[in-house]
Amino acid sequence: MKNLIPKTYAEALEMLNNDNLRILAGGTDLMIQNRSWSNMLPDFKTGTILIFNLEELKYMVQEEHFLHIGSGMTLEDIKDNELTPKLLVDALKIMASPAIRNMATIGGNIGNASPAGDSLPVLYVLNALVVLESVEAMRDVPIHDFIIGPGKKTIKQNEIIKEIKIPTNNLTIVKFDKIGGRKADAISKISFAGAAHVKNNIIQDFRVAFGAVGPTVVRKYDLESHLVGLTLDDVSLNIKEILSEYGKYIRPIDDQRSNKEYRKEVALNLLESFILSL
Amino acid sequence: MKDISKSVRKVDSLIKMSGEAKYVSDIKIDGMLYAKTVRSSKSKAIIKKITLPVIPEGYHIIDHTDIPGKNFVKIIFEDMPVFAEKTVSYYGEPIMLVIGEDKNIITDIISNIEIEYEEVTPLFENTNSAINYHFTKGDSNKAFKNAKKIIKDDYDTGYQEQLYIEPQGMIGYIEGEKVTLIGSIQCPYYVKNAVISILEAEEDQVRVKQAVVGGAFGGKEEFPSLMACQLAVALRKIKKPIKLIYEREEDMEVTTKRHPAWIHMEAAINDKNEIDGLTAKVAIDGGAYIGLSGVVLSRALIASTGAYTIDNIEVGGDVFLTNTVPNGAFRGFGAPQMLFAVEMFIQHIALELELDPLELRLKYLAKQGDATSTRGKFRDPIIMNDMINKGMEMSDYKNKVKKYTEQGIYKGIGMSWFLHGCGFTGSGEANHIKALVKLQKDIDDKVTILIAAVDMGQGVQTTMKKIVAQILDIPLDQVIYNKPDTDLVPDSGPTVASRTIMVVGGLVARATKQLKEKWVDGEAIIVSERYKQPEYIKWDEDNFIGDAYPAYSWGVNIVEVEVSPITYQVSLVGIWSVYDVGKAIDERIIMGQADGGILQGVGYGYLEVMKNVNGKIQHKNVTDYIIPTTGDTAPMETFLMDNPYPLGPYGAKGAGELTLVGGAPAVALAIENAINKKVKSIPVTPEYIMELMKNG
């Protein structure tokens with residue numbers, strides 16, 4: 001079994017093209033998922049390729065239409081970067097613990113594709129594109145098409161997440177809520193990202209996404225479009241109806257962290273509170 | 001002479017901070033083998049057949065057939081086997097050890113062991129009572145017969161996991177017939193006696209040494225005896241050093257936890273709106289084997305009136321056996337469950353009678369000279385009135401409780417009053433432990449403390465040395481206190497039950513005074529002291545009559561919270577505590593106990609969820625089992641009272657458990673105040689709060 005450490009990004013693409021390798025960045029998910037008896041090597045079922053040290057994947061650049069975030073950026077570095085949108089900073093600030101944030105990468109959080117991944121609802125709301133590259137080609141995939149189920153994503157064996165592209169926007173109101181078992185170092189029971197732009201009391205843009213209430217992040221584009229163009233008063237008057245529409249798509253499960261009744265109720269409470277705060 | 005309470009640097013802080021401290025896992029012995037436990041994958045079953053793969057040379061299977069003695073872990077009853085034989089009674093029950101040099105090969109062997117089970121319907125309900133206790137004081141029948149009103153409520157409490165930082169572990173080696181075990185343990189002599197029993201060995205063929213212990217909280221009281229017995233059996237057969245360290249998940253799944261409890265309370269209210277009688281019926285889930293559950297139940301029952309005096313009571317309870325992981329010792333030992341129920345119940349009685357809860361509680365607050373729940377006597381001064389006033393002043397309790405009750409702003413404040421009986425329940429010290437301590441002065445005038453008390457982080461290495469140094473008026477570094485080794489120290493009893501400073505420290509102080517009298521420079525002198533129960537302490541073990549404890553420590557906890565009406569999450573706002581531990585031997589150490597204890601108690605009350613589903617623990621790692629982080633903690637203020645206990649060293653009483661037992665009711669009462677709904681179950685999770693706010 002091969003466990004490889006490329007020196008350059010180009011070399012990494014070559015290695016991925018030649019062998020079936022699991023991409024390992026900060027390892028904060030994979031080292032846990034593949035743990036074995038203490039003092040033994042982790043029990044990976046396939047070979048691995050460690051990309052954590054590739055400086056070429058650690059960058060943030062603002063261009064005209066997009067903010068580019070290299071997939072090797074750690075959560076801590078993104079959190080502290082002045083280019084990072086406030087909504088993403090708000091999410092990263094309360095993710096995990098400092099030790100984990102200094103190892104975990106944004107590419108890894110996306111690649112892990114956990115329904116409870118805290119950066120995900122934010123990236124959904126920001127219409128983030130995942131840039132995938134292989135020796136053959138490079139392509140952009142919207143995040144909601146990239147993640148198709150818990151741990152499942154549309155990435156080819158020889159592809160790597162190169163970067164995340166966040167389109168520029170004029171969202172003026174943003175809100176992130178993480179409901180974990182405690183205030184830090186917790187996996188979300190529910191997470192919520194909301195963003196909007198309101199001008200002259202009329203909703204110009206409205207986006208919300210929920211984490212940990214279904215197999216993937218829940219964002220309903222059609223429901224959002226119904227709200228655009230409405231006045232804030234209209235929205236407040238129809239709040240019950242809006243919540244009930246969203247309620248149809250929020251279908252959480254019971255697990256060791258919480259139960260479905262709580263998840264659904266609180267998800268809708270957060271939505272209500274966000275809408276009424278506009 | 002300086003005040004003994006003045007803090008000194010903890011003697012073990014440097015080795016722990018530098019990483020120099022050697023925990024079991026750090027100990028390596030040449031030729032050492034590793035052991036891993038093969039466990040039951042069924043909650044209840046008959047083992048039909050075990051098929052082993054070909055075992056390579058140098059690898060070993062150790063099971064019940066290798067046991068020289070009788071197959072049980074010597075704790076109290078002969079009920080828990082060291083290795084399962086024909087049947088298994090809980091998921092995770094040990095069946096055998098696989099031992100060898102290479103962990104990969106051990107893992108491989110284990111994955112190729114086939115165990116055929118015939119499943120039997122497991123029991124998860126409280127129907128199989130293994131122990132039943134019952135006692136009365138006064139005439140509760142009459143009180144209930146004449147009652148104008150009877151108030152009833154049911155309370156329940158969940159599991160709590162000790163979550164010591166260092167998982168369970170032990171290493172052993174053999175020299176001739178002599179087995180030596182080094183472990184992360186609280187009770188060297190419990191381990192020694194269990195090993196003597198399983199090996200049918202002689203006293204001098206078993207030696208138990210304490211490694212540096214990374215936390216215990218009761219979890220290393222009786223459980224390590226099981227691991228020690230397994231290792232000892234293996235050592236006798238294989239004759240090479242062997243190490244057995246649990247992984248975190250294994251530890252959380254199969255080691256003892258705090259007993260879940262169900263408590264039914266009834267109060268007889270007379271025509272003057274007084275509590276004339278009280279009954280409590282308690283059920284605790286012992287898990288698959290009794291272990292210490294009976295003793296846990298006793299402490300719970302004795303705490304049935306908490307810090308109050310009620311004249312007519314009837315108390316009873318059962319230890320139920322279920323096909324789940326055995327529960328056992330945990331800081332507080334039955335009291336946290338009962339004190340939660342008592343504190344909530346008296347509040348609920350006041351609400352029901354439309355009385356001011358504070359006034360009602362003050363009316364029944366225990367006073368010096370009152371009869372205890374078991375018809376013993378509170379002999380020493382009780383200064384709870386001062387403590388309550390101090391606590392209310394520190395926290396601005398009266399104003400806040402009024403404001404929060406009236407305004408309904410999802411803020412709340414709760415106050416718990418409690419006591420903790422110091423030392424073993426009943427006649428344990430006198431009849432079972434009979435603690436012996438020794439001091440040895442060498443010709444260089446250094447004094448070695450020879451006791452079996454373990455420093456598991458609570459600071460006993462520092463406090464014992466302080467006691468001796470202070471009495472002899474010598475520098476601290478002239479006193480030596482090494483980690484206990486049963487070949488060197490007498491049996492001063494286990495490091496449990498808040499007994500170490502009060503009982504063992506008291507004996508050490510007496511021995512030191514003896515040494516001081518006999519002191520001759522440059523001469524070797526050995527002195528010893530054995531525990532003698534004060535004449536006035538009488539205890540009828542069968543009927544629960546008399547003084548259940550020689551002394552009591554007292555406390556007041558106040559917790560302030562905010563509850564989010566959107567997410568139902570609780571935020572701690574402030575924590576205030578006042579304690580009477582007699583006299584602090586080291587103020588900073590007591591403050592450490594205070595901060596850690598209350599957080600563990602409050603966590604138990606609102607955060608720490610552990611459940612089993614069909615006998616399997618669902619919260620078996622530190623990701624899923626949520627304990628408070630610094631982010632969850634609120635500012636804490638603690639005030640220590642001086643109320644010296646005549647028989648404790650410098651007046652010290654028990655402190656370790658006291659700081660935990662009041663946390664849960666304080667936070668639960670605060671949440672109740674914030675949401676204006678009766679809380680009857682802990683932990684008070686957001687899920688439960690939502691249910692209460694919507695339906696409750």
# chains A, B, ... in the order shown; residues from 1 in each chain; ligands from 1

$ select_by_dssp --residues "stretch 500-537 of chain B" --states "strand (DSSP E)" --output "PyMOL selection string"
chain B and resi 525-530

$ write_last_selection --atoms "C-alpha atoms" --output "tab-separated table (two decimals), in the first residue's frame"
chain	number	residue	atom	x	y	z
B	525	ILE	CA	12.20	5.83	64.70
B	526	ILE	CA	9.02	4.20	63.43
B	527	VAL	CA	5.60	5.10	64.79
B	528	SER	CA	2.14	3.88	63.82
B	529	GLU	CA	-1.51	4.64	64.48
B	530	ARG	CA	-4.60	2.56	63.87

$ closest_atom_pairs --of "chain B" --to "chain A" --cutoff "8 Å" --atoms "only C-alpha atoms" --output "tab-separated table"
residue	atom	partner	partner_atom	distance
B:Lys103	CA	A:Met40	CA	7.4
B:Asn104	CA	A:Met40	CA	7.8
B:Glu247	CA	A:Trp37	CA	7.2
B:Ile566	CA	A:Asn269	CA	5.6
B:Thr567	CA	A:Val266	CA	5.5
B:Leu607	CA	A:Gly181	CA	7.4
B:Gln618	CA	A:Gln256	CA	6.1
B:His619	CA	A:Gln256	CA	6.7
B:Thr623	CA	A:Ala186	CA	6.7
B:Asp624	CA	A:Arg257	CA	6.6
B:Ile626	CA	A:Gly181	CA	6.4
B:Ile627	CA	A:Arg182	CA	7.9
B:Pro628	CA	A:Arg182	CA	6.8
B:Thr629	CA	A:Ala184	CA	6.9
B:Gly631	CA	A:Lys183	CA	5.7
B:Asp632	CA	A:Lys183	CA	5.7
B:Glu687	CA	A:Tyr262	CA	5.7
B:Met690	CA	A:Tyr262	CA	7.2

$ residues_around --residues "B:Asp521" --least-positions-apart "2" --cutoff "7 Å" --atoms "only C-alpha atoms" --output "VMD selection string"
chain B and resid 445 519 523

$ residues_around --residues "A:Lys199" --least-positions-apart "2" --cutoff "12 Å" --atoms "only C-alpha atoms" --output "list in words"
Asn170, Leu171, Thr172, Ile173, Ala196, His197, Asn201, Ile202, Ile203, Gln204, Asp205, Phe206, Val228, Gly229, Leu230, Thr231, Leu232 and Leu278 of chain A

$ residues_around --residues "stretch 272-283 of chain B" --least-positions-apart "3" --cutoff "8 Å" --atoms "only C-alpha atoms" --output "list in words"
Asn126, Asp139, Ser140, Ala143, Phe144, Ala147, Ala261, Trp262, Ile263, His264, Met265, Glu266, Ala267, Ala268, Ile269, Leu301, Ser304, Ile310, Asp311, Asn312, Ile313, Glu314, Val315, Gly316, Gly317, Asp318, Val319, Phe320 and Leu353 of chain B

$ residues_around --residues "stretch 657-667 of chain B" --least-positions-apart "6" --cutoff "6 Å" --atoms "only C-alpha atoms" --output "list in words"
Arg331, Gly332, Pro336, Phe340, Gly414, Met415, Ser416, His420, Ile558, Val559, Ala594, Gly597, Ile598, Gly601, Val602, Tyr604 and Gly605 of chain B

$ select_by_dssp --residues "stretch 391-474 of chain B" --states "alpha helix (DSSP H)" --output "PyMOL selection string"
chain B and resi 391-395+397-407+460-472

$ atom_distance --atom1 "atom CA of B:Tyr155" --atom2 "atom CA of B:Met344"
8.5 Å

$ closest_residue --among "B:Ile671, B:Leu226, B:Ile113, B:Leu292" --to "B:Lys49" --atoms "only C-alpha atoms"
B:Ile113

$ residues_around --residues "B:Gln160" --least-positions-apart "5" --cutoff "8 Å" --atoms "only C-alpha atoms" --output "PyMOL selection string"
chain B and resi 257-260+604+608-610

$ closest_residue --among "B:Gln600, B:Gln230, B:Asn389, B:Ser89" --to "B:Ile62" --atoms "only C-alpha atoms"
B:Gln230

$ closest_residue --among "B:Cys187, B:Lys680, B:Ile471, B:Thr180" --to "B:Glu343" --atoms "only C-alpha atoms"
B:Lys680

$ atom_distance --atom1 "atom CA of B:Gly408" --atom2 "atom CA of B:Met392"
20.8 Å

$ closest_residue --among "B:Met693, B:Ala509, B:Ala307, B:Val73" --to "B:Ala371" --atoms "only C-alpha atoms"
B:Ala307

$ closest_residue --among "A:Pro167, A:Pro85, A:Gly107, A:Pro42" --to "A:Gly26" --atoms "only C-alpha atoms"
A:Gly107

$ closest_residue --among "B:Ile67, B:Phe418, B:Glu250, B:Gly412" --to "B:Arg361" --atoms "only C-alpha atoms"
B:Phe418

$ atom_distance --atom1 "atom CA of B:Trp554" --atom2 "atom CA of B:Thr462"
23.7 Å
